[in-house]
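The structure appears right after this line, and notes come after that.
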Amino acid sequence: MSIVYSNRLVSIFILTLAGLTSIYAQTPSITTSVNANPVRLNSRVQISVTLDNCKSSSGNIPMPQLKGLTFLGGPSQQHSSNWINGKKTSKHVYTYAYSISSNQDIKIPAIKLSTSAGVLTSKPFVIRVLKDGTKTPNTKQQKGLGNLATVIEVSKRKVHLGEPIVFEYKIYNQHNSLEVREYNLPELKGFWKEEVEAKEARWETEVVNGKRYQVATVGRVVAFPQQTGTFNIDGFNIKGFVRINFFNGSNVTATSKSIKIEVLPYPNGKPPGFIGTFSNLTVDAVVEVDSVGVNEAFNFTVKYSGTGNLKLLREPKIIWPTEFEVFDPEMKDRINVSQYGQSGKRSYKYVIIPRAPGDYELPNLKVSYFDSKSDKFVRTSTNSGKIVVYGRESGDEGETMFGTKSDVMILNHDIRHINTTHAHWGSRDDGKLQTLCMYLLFLLGPIVAGVAYLFRLRRDSELHDPTGTKSKKALKVLHKVLGECSKIKNREEAFTILGEALEVYLCSKLQIGRSSFSRNTGVAELDKIVGKEDADKWDGLLKTCEMARFAPGLLPEIDDSISLALDLTKKGEKKMKSSNLLGLGIILLSMVMAPSLAIGNDQDVDKLFQKANEAYVDGKYELAAALYEEVAQNHLCFELEYNMGNAHYKLSHIGESILHYERARLINPLDGDLRANLLLAELRAIDRIEALPGVGIDRLVSVIFAGNLYWVWLILSLVTWTTAFVFIAINLKWGVSLSKPFLRGGAVVSAALSLVFLLFLYSTNKRISESSCAIVMDSRVEVRSMPGELGMSLFQLHEGTRACIVSKENEWTQVKLDNGNVGWLLTSAIEPI
């Protein structure tokens with residue numbers, strides 16, 4: 001037990017001695033440092049106080065107030081200790097954050113601090129503050145590249161136009177743990193550039209001025225100058241982070257110097273067929289065969305190969321024999337972009353079919369270029385050779401011969417011919433009666449739904465009627481009772497039953513309740529339906545039935561009363577049915593009248609139209625125009641307006657011609673002949689007005705709301721409107737629980753479609769009847785800034801110019817042109833479309 005205790009004492013003594021020895025094994029010291037120097041005004045810096053192999057007696061380091069620095073926060077602390085070869089080292093770092101508040105250099109004084117190793121003092125230093133506009137000194141100029149630098153390396157600084165330059169962007173780094181967070185490559189304005197594909201950038205060791213650097217190439221570009229002059233290429237910069245230890249680090253930046261590139265123009269004397277700047281460029285023409293049959297295809301390939309911007313080469317201009325049918329070439333590239341520039345091949349492969357036999361010289365291609373290596377122009381050409389095209393013998397089957405093809409030569413331009421047939425004639429007076437009858441047809445759907453609704457009410461009333469007095473069965477019931485009355489021998493009983501049957505019949509027909517029915521009310525209602533005479537007979541018959549209760553001895557024969565009742569009910573049924581069908585008859589009459597009114601006697605108009613057409617064909621344009629005008633006084637259709645435009649065009653009346661073409665376009669804007677003729681007429685007008693760019697919706701609107709679609713929208717709106725009410729009627733009369741959702745959905749969809757078509761119908765009618773544009777009819781008219789002669793003359797318009805009407809004031813109209821110009825002119829100088 002004593003031996004173990006003594007061993008423990010020895011171990012403790014040895015450890016204590018080793019700890020005391022290690023404390024004094026390293027020299028204690030205190031140092032101050034800053035993370036950036038020099039700095040700029042308002043930048044942030046970190047000042048660190050490091051205690052090596054000692055500790056602060058107070059456990060903290062009070063920093064003095066430093067002139068030129070604004071305290072932001074701190075300290076952040078970092079403590080570490082290590083055992084190396086039995087010796088202990090320790091480090092305590094206190095970091096403070098400051099902002100630079102002075103544009104003068106800042107002196108950091110020596111810091112005296114009481115530590116576990118006694119009072120220690122740091123060395124003072126100066127933080128340099130850069131003035132505005134002062135560049136951060138480049139360590140490469142002073143001491144090489146420094147710890148971090150960016151460099152732009154170029155293959156040449158003086159080149160000719162189109163000569164390739166290789167730009168390489170590199171980062172030089174001496175930090176052990178640099179994390180590159182962002183870098184920006186400069187924009188090469190005035191250059192066509194191709195980026196060189198490369199693997200991901202990685203660090204490689206390189207020695208510069210006796211110092212070892214880690215170098216990474218972050219970009220490589222082959223650029224071809226497209227303009228002459230001196231170009232200043234901005235430097236590229238990076239932003240990174242250098243980690244000092246696990247807890248602390250600092251942001252670092254670096255910016256390379258800008259470089260200048262001088263681009264020289266080509267020397268004088270540029271030869272013909274010039275295609276650009278290249279090096280060792282060769283041009284070849286390859287033909288796979290030396291003979292071919294007529295109508296058999298062969299290939300002709302033009303190949304460019306060399307160094308330079310081959311992607312700028314365009315399809316060569318080759319003059320082919322007229323007997324050759326040549327198709328557009330197929331372009332193929334085998335171009336390589338590397339750190340040495342751009343090189344490779346570009347080829348154009350033509351497919352050619354000769355259409356006639358013979359010996360043909362294939363075209364030779366002559367080109368020239370500027371050689372960037374020899375700094376001079378070089379000419380080269382191809383030797384394409386000949387090709388023999390042989391024909392087939394006349395006895396060969398399947399031979400097809402083609403003539404020589406050439407473009408059609410346009411000799412003159414003229415408008416297209418008139419239309420000799422026409423569509424249905426429209427009326428100038430708007431056909432008010434016809435339109436009214438057509439719109440009455442819209443009542444058909446609501447009437448059908450109303451009838452179904454009345455049927456529904458009658459059916460419901462029949463279901464709830466305890467006596468079974470229904471209008472539809474009233475006559476049957478009455479006839480049955482009258483037959484029974486004729487068999488009853490007791491006259492008093494027979495008249496009593498007859499009176500009750502007549503009351504039930506009248507209540508059903510007149511829709512009067514039994515409790516409120518009386519002879520006087522019944523006779524009053526009958527007077528409205530069957531007339532005074534029959535109403536009086538009904539009154540007498542009812543009085544006779546009432547006598548059975550009070551004076552049965554005075555009753556007439558029952559058979560006479562039964563005959564009278566049958567006669568009165570027969571007449572009443574006829575008059576009641578005729579009154580119920582009166583409304584339906586009006587609708588049916590309108591349906592018959594509408595088409596009958598639409599079909600008029602147009603034979604005289606057709607003869608006049610044909611006479612005008614014959615005058616036009618005979619060259620009598622004035623007579624044709626007059627006859628067309630006579631027809632147009634009361635009638636309207638597309639063919640009439642189109643033909644009138646043609647007649648006025650032949651008479652050189654450009655304003656009238658464009659006016660009638662525009663009116664025809666309102667009716668049918670997609671007619672090809674109309675569009676061609678309108679274009680020719682507008683070319684003869686003096687004013688050329690460039691329309692403002694739009695979204696293209698005007699053309700769509702003109703097609704949807706064209707005049708020839710008026711009846712289409714009317715019929716579609718009528719059909720969908722009526723269909724919606726038919727669905728409602730079916731739902732009211734025969735709808736069952738399973739079909740009701742479909743009927744209601746169909747009614748809603750049909751009603752929505754009818755509203756859309758009605759909107760189209762309204763817009764079409766408004767577009768035709770209230771045109772917002774006009775054509776200038778005077779040879780020249782002044783457009784002023786305000787209505788009246790006092791307005792300033794803004795510009796002049798000439799005959800045939802189209803303008804939109806904005807507003808009117810007395811004898812003046814404000815118009816707006818397609819290019820946005822607005823002004824006032826005399827109303828008499830224009831004619832609305």
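Residue names in the structure tokens use chain letters A, B, ... in the order shown, residue numbers from 1 in each chain, and ligand numbers from 1 in the order shown.
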- [ ] Using only C-alpha atoms, determine which residues lie at most 10 Å from Arg675 of chain A, disregarding the query and same-chain residues fewer than 4 positions distant; provide the list as an MDAnalysis selection string.
- [x] chainID A and resid 661:662 665 669:671 679:681
Same residues, C-alpha atoms, saved as a PDB file, in the first residue's frame:
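Just written: selection-v2.pdb:
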```
ATOM      1  CA  TYR A 661     -62.814  49.068-102.615  1.00  0.00           C
ATOM      2  CA  GLU A 662     -62.862  49.961 -98.913  1.00  0.00           C
ATOM      3  CA  ARG A 665     -63.669  45.239 -97.889  1.00  0.00           C
ATOM      4  CA  PRO A 669     -62.150  41.551 -96.312  1.00  0.00           C
ATOM      5  CA  LEU A 670     -60.571  38.229 -97.373  1.00  0.00           C
ATOM      6  CA  ASP A 671     -61.332  38.393-101.099  1.00  0.00           C
ATOM      7  CA  LEU A 679     -53.009  47.495-103.387  1.00  0.00           C
ATOM      8  CA  LEU A 680     -52.652  48.763-106.971  1.00  0.00           C
ATOM      9  CA  ALA A 681     -55.020  51.661-106.301  1.00  0.00           C
TER      10      ALA A 681
END
```
Leaving out Gly118 of chain A and any residue of its chain fewer than 2 positions from it, which residues lie within 12 Å of it when counting only C-alpha atoms, given as a short mmCIF file (atom, residue, chain, number, x, y, z; two decimals) with N, CA, C and O atoms, in the first residue's frame?
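Below you can see result-v1.cif, which holds the result:
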```cif
data_model
loop_
_atom_site.label_atom_id
_atom_site.label_comp_id
_atom_site.auth_asym_id
_atom_site.auth_seq_id
_atom_site.Cartn_x
_atom_site.Cartn_y
_atom_site.Cartn_z
N THR A 27 8.88 31.67 -25.82
CA THR A 27 8.98 33.08 -25.46
C THR A 27 7.63 33.73 -25.58
O THR A 27 6.99 33.65 -26.64
N PRO A 28 7.09 34.36 -24.55
CA PRO A 28 5.81 35.05 -24.65
C PRO A 28 5.96 36.36 -25.42
O PRO A 28 7.02 37.00 -25.41
N SER A 29 4.85 36.75 -26.13
CA SER A 29 4.89 38.00 -26.90
C SER A 29 3.46 38.46 -27.17
O SER A 29 2.50 37.71 -27.03
N ILE A 30 3.34 39.74 -27.56
CA ILE A 30 2.05 40.31 -27.94
C ILE A 30 2.24 41.08 -29.25
O ILE A 30 3.19 41.85 -29.38
N ASN A 53 1.81 32.38 -25.99
CA ASN A 53 2.41 31.75 -24.81
C ASN A 53 2.21 32.57 -23.54
O ASN A 53 3.05 32.59 -22.65
N CYS A 54 1.13 33.31 -23.47
CA CYS A 54 0.79 34.06 -22.27
C CYS A 54 -0.69 34.36 -22.28
O CYS A 54 -1.36 34.19 -23.30
N LYS A 55 -1.19 34.86 -21.11
CA LYS A 55 -2.60 35.19 -21.01
C LYS A 55 -2.72 36.57 -20.37
O LYS A 55 -1.86 37.01 -19.62
N SER A 56 -3.84 37.23 -20.69
CA SER A 56 -4.09 38.54 -20.09
C SER A 56 -4.45 38.35 -18.63
O SER A 56 -5.18 37.43 -18.26
N SER A 57 -3.89 39.20 -17.78
CA SER A 57 -4.15 39.07 -16.35
C SER A 57 -5.61 39.34 -16.04
O SER A 57 -6.18 38.72 -15.14
N LYS A 112 0.29 48.21 -24.34
CA LYS A 112 0.91 47.63 -23.16
C LYS A 112 -0.14 46.84 -22.39
O LYS A 112 -1.23 47.33 -22.15
N LEU A 113 0.23 45.63 -22.01
CA LEU A 113 -0.75 44.76 -21.39
C LEU A 113 -0.09 43.93 -20.31
O LEU A 113 1.02 43.41 -20.48
N SER A 114 -0.79 43.83 -19.17
CA SER A 114 -0.31 43.00 -18.07
C SER A 114 -0.73 41.57 -18.34
O SER A 114 -1.92 41.28 -18.49
N THR A 115 0.25 40.67 -18.42
CA THR A 115 -0.02 39.28 -18.76
C THR A 115 0.55 38.37 -17.70
O THR A 115 1.19 38.81 -16.74
N SER A 116 0.31 37.09 -17.92
CA SER A 116 0.85 36.09 -16.98
C SER A 116 2.37 36.04 -17.06
O SER A 116 3.02 35.52 -16.16
N LEU A 120 3.80 43.23 -21.25
CA LEU A 120 4.34 43.11 -22.60
C LEU A 120 3.82 44.25 -23.47
O LEU A 120 2.73 44.79 -23.23
N THR A 121 4.57 44.59 -24.51
CA THR A 121 4.22 45.71 -25.39
C THR A 121 4.30 45.26 -26.85
O THR A 121 5.27 44.61 -27.25
#
```
Near-Gln339 of chain A list (7 Å; only C-alpha atoms; drop same-chain fewer than 3 positions) as an mmCIF file with N, CA and C atoms, in the first residue's frame:
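Saved the output as out-v2.cif:
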```cif
data_model
loop_
_atom_site.group_PDB
_atom_site.id
_atom_site.type_symbol
_atom_site.label_atom_id
_atom_site.label_comp_id
_atom_site.auth_asym_id
_atom_site.auth_seq_id
_atom_site.Cartn_x
_atom_site.Cartn_y
_atom_site.Cartn_z
ATOM 1 N N VAL A 166 -6.503 35.391 -79.007
ATOM 2 C CA VAL A 166 -6.863 34.464 -77.935
ATOM 3 C C VAL A 166 -6.702 35.193 -76.603
ATOM 4 N N VAL A 196 -13.786 28.913 -75.811
ATOM 5 C CA VAL A 196 -13.109 27.626 -75.948
ATOM 6 C C VAL A 196 -13.611 26.702 -74.854
ATOM 7 N N ARG A 220 -11.215 31.125 -71.494
ATOM 8 C CA ARG A 220 -10.377 31.260 -72.694
ATOM 9 C C ARG A 220 -11.308 31.552 -73.864
#
```
Open item on the list: I need the helix (DSSP H, G or I) residues of segment 49-269 of chain A per DSSP on the backbone, written as number ranges by chain.
Closed with: A: 139-143
Those selected residues, please, written with all heavy atoms and delivered as an mmCIF file, in the first residue's frame.
```cif
data_model
loop_
_atom_site.group_PDB
_atom_site.id
_atom_site.type_symbol
_atom_site.label_atom_id
_atom_site.label_comp_id
_atom_site.auth_asym_id
_atom_site.auth_seq_id
_atom_site.Cartn_x
_atom_site.Cartn_y
_atom_site.Cartn_z
ATOM 1 N N THR A 139 0.705 44.786 -56.616
ATOM 2 C CA THR A 139 1.921 44.199 -56.039
ATOM 3 C C THR A 139 2.819 43.623 -57.105
ATOM 4 O O THR A 139 4.010 43.429 -56.885
ATOM 5 C CB THR A 139 1.535 43.094 -55.051
ATOM 6 O OG1 THR A 139 0.691 42.152 -55.741
ATOM 7 C CG2 THR A 139 0.750 43.657 -53.887
ATOM 8 N N LYS A 140 2.239 43.378 -58.280
ATOM 9 C CA LYS A 140 3.072 42.855 -59.358
ATOM 10 C C LYS A 140 4.084 43.889 -59.800
ATOM 11 O O LYS A 140 5.215 43.569 -60.141
ATOM 12 C CB LYS A 140 2.198 42.444 -60.532
ATOM 13 C CG LYS A 140 2.975 41.839 -61.676
ATOM 14 C CD LYS A 140 2.069 41.411 -62.796
ATOM 15 C CE LYS A 140 2.876 40.834 -63.951
ATOM 16 N NZ LYS A 140 2.018 40.418 -65.062
ATOM 17 N N GLN A 141 3.663 45.160 -59.751
ATOM 18 C CA GLN A 141 4.578 46.210 -60.153
ATOM 19 C C GLN A 141 5.669 46.400 -59.106
ATOM 20 O O GLN A 141 6.788 46.777 -59.428
ATOM 21 C CB GLN A 141 3.810 47.512 -60.342
ATOM 22 C CG GLN A 141 2.778 47.455 -61.462
ATOM 23 C CD GLN A 141 1.975 48.724 -61.529
ATOM 24 O OE1 GLN A 141 2.076 49.579 -60.656
ATOM 25 N NE2 GLN A 141 1.170 48.848 -62.559
ATOM 26 N N GLN A 142 5.334 46.138 -57.786
ATOM 27 C CA GLN A 142 6.300 46.383 -56.727
ATOM 28 C C GLN A 142 7.082 45.116 -56.359
ATOM 29 O O GLN A 142 8.286 45.094 -56.382
ATOM 30 C CB GLN A 142 5.591 46.921 -55.486
ATOM 31 C CG GLN A 142 4.877 48.242 -55.766
ATOM 32 C CD GLN A 142 4.088 48.713 -54.566
ATOM 33 O OE1 GLN A 142 4.052 48.061 -53.534
ATOM 34 N NE2 GLN A 142 3.444 49.872 -54.702
ATOM 35 N N LYS A 143 6.321 44.109 -56.048
ATOM 36 C CA LYS A 143 6.953 42.878 -55.583
ATOM 37 C C LYS A 143 6.353 41.675 -56.286
ATOM 38 O O LYS A 143 5.847 40.763 -55.676
ATOM 39 C CB LYS A 143 6.784 42.734 -54.068
ATOM 40 C CG LYS A 143 7.402 43.865 -53.259
ATOM 41 C CD LYS A 143 7.170 43.660 -51.781
ATOM 42 C CE LYS A 143 7.749 44.798 -50.962
ATOM 43 N NZ LYS A 143 7.512 44.615 -49.503
#
```
- [ ] Name the residues in contact with segment 169-182 of chain A at a cut-off of 7 Å, using only C-alpha atoms, excluding same-chain residues fewer than 3 positions from it; report them as a list in words.
- [x] Asn147, Leu148, Ala149, Thr150, Val151, Ile152, Glu153, Tyr213, Gln214, Val215, Ala216, Thr217, Val218, Gly219, Arg220, Ile238, Lys239, Gly240, Phe241, Val242 and Arg243 of chain A
- [ ] Considering only C-alpha atoms, state which residue in the set A:Tyr360, A:Phe757, A:Trp711, A:Tyr453 is at the smallest distance from Phe725 of chain A.
- [x]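 The closest residue to Phe725 of chain A is A:Tyr453.
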Task: Filtered DSSP result for segment 51-168 of chain A, state strand (DSSP E or B), as a PyMOL selection string - done: chain A and resi 51-52+56+69-84+87-100+106-108+112-115+118-121+125-127+129-130+148-154+158-160+165-168
Task: Atomic separation - atom CA of Leu310 of chain A relative to atom CA of Ser384 of chain A, Å - done: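 Distance reported for this atom pair: 21.9 Å.
The gap separating atom CA of Ile715 of chain A from atom CA of Leu732 of chain A is 25.5 Å, in Å to one decimal.
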Open item on the list: Quick check, in Å to one decimal: how far apart do atom CA of Ile562 of chain A and atom CA of Val523 of chain A lie?
Closed with: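 Atom-to-atom, atom CA of Ile562 of chain A and atom CA of Val523 of chain A are spaced 18.4 Å apart.
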Open item on the list: Excluding segment 817-823 of chain A and its own-chain neighbours fewer than 4 positions away, which residues fall within 6 Å of it when counting only C-alpha atoms? Please give them as a list of chain:residue names.
Closed with: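 Selected residues are A:Glu690, A:Ala691, A:Leu692, A:Val783, A:Arg784, A:Ser785, A:Ala803.
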Could you please take those selected residues and save C-alpha atoms as an mmCIF file, in the first residue's frame?
```cif
data_model
loop_
_atom_site.group_PDB
_atom_site.id
_atom_site.type_symbol
_atom_site.label_atom_id
_atom_site.label_comp_id
_atom_site.auth_asym_id
_atom_site.auth_seq_id
_atom_site.Cartn_x
_atom_site.Cartn_y
_atom_site.Cartn_z
ATOM 1 C CA GLU A 690 -46.406 54.190 -92.603
ATOM 2 C CA ALA A 691 -48.777 52.652 -90.093
ATOM 3 C CA LEU A 692 -47.740 52.488 -86.459
ATOM 4 C CA VAL A 783 -54.964 69.776 -92.629
ATOM 5 C CA ARG A 784 -54.990 72.361 -89.839
ATOM 6 C CA SER A 785 -54.299 72.386 -86.129
ATOM 7 C CA ALA A 803 -58.119 58.654 -92.523
#
```
Task: Pick from A:Asn731, A:Thr521, A:Asn309, A:Ser258 nearest to Phe231 of chain A, counting only C-alpha atoms - done: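 Among the listed residues, the smallest separation from Phe231 of chain A belongs to A:Ser258.
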Residues near Ser81 of chain A, cut-off 12 Å, only C-alpha atoms, skip fewer than 5 positions along chain, as an mmCIF file with C-alpha atoms, in the first residue's frame:
```cif
data_model
loop_
_atom_site.group_PDB
_atom_site.id
_atom_site.type_symbol
_atom_site.label_atom_id
_atom_site.label_comp_id
_atom_site.auth_asym_id
_atom_site.auth_seq_id
_atom_site.Cartn_x
_atom_site.Cartn_y
_atom_site.Cartn_z
ATOM 1 C CA SER A 22 6.697 23.915 -20.717
ATOM 2 C CA ILE A 23 5.318 27.276 -19.629
ATOM 3 C CA LEU A 51 -0.954 36.826 -27.212
ATOM 4 C CA ASP A 52 1.546 34.027 -27.772
ATOM 5 C CA ASN A 53 2.413 31.751 -24.807
ATOM 6 C CA CYS A 54 0.793 34.064 -22.268
ATOM 7 C CA LYS A 55 -2.597 35.193 -21.006
ATOM 8 C CA LYS A 87 6.724 21.655 -25.312
ATOM 9 C CA LYS A 88 3.496 23.567 -24.908
ATOM 10 C CA THR A 89 2.533 26.581 -27.042
ATOM 11 C CA SER A 90 -0.580 28.702 -26.653
ATOM 12 C CA LYS A 91 -2.251 31.497 -28.624
ATOM 13 C CA HIS A 92 -5.031 33.882 -27.608
ATOM 14 C CA VAL A 93 -6.463 36.138 -30.345
#
```
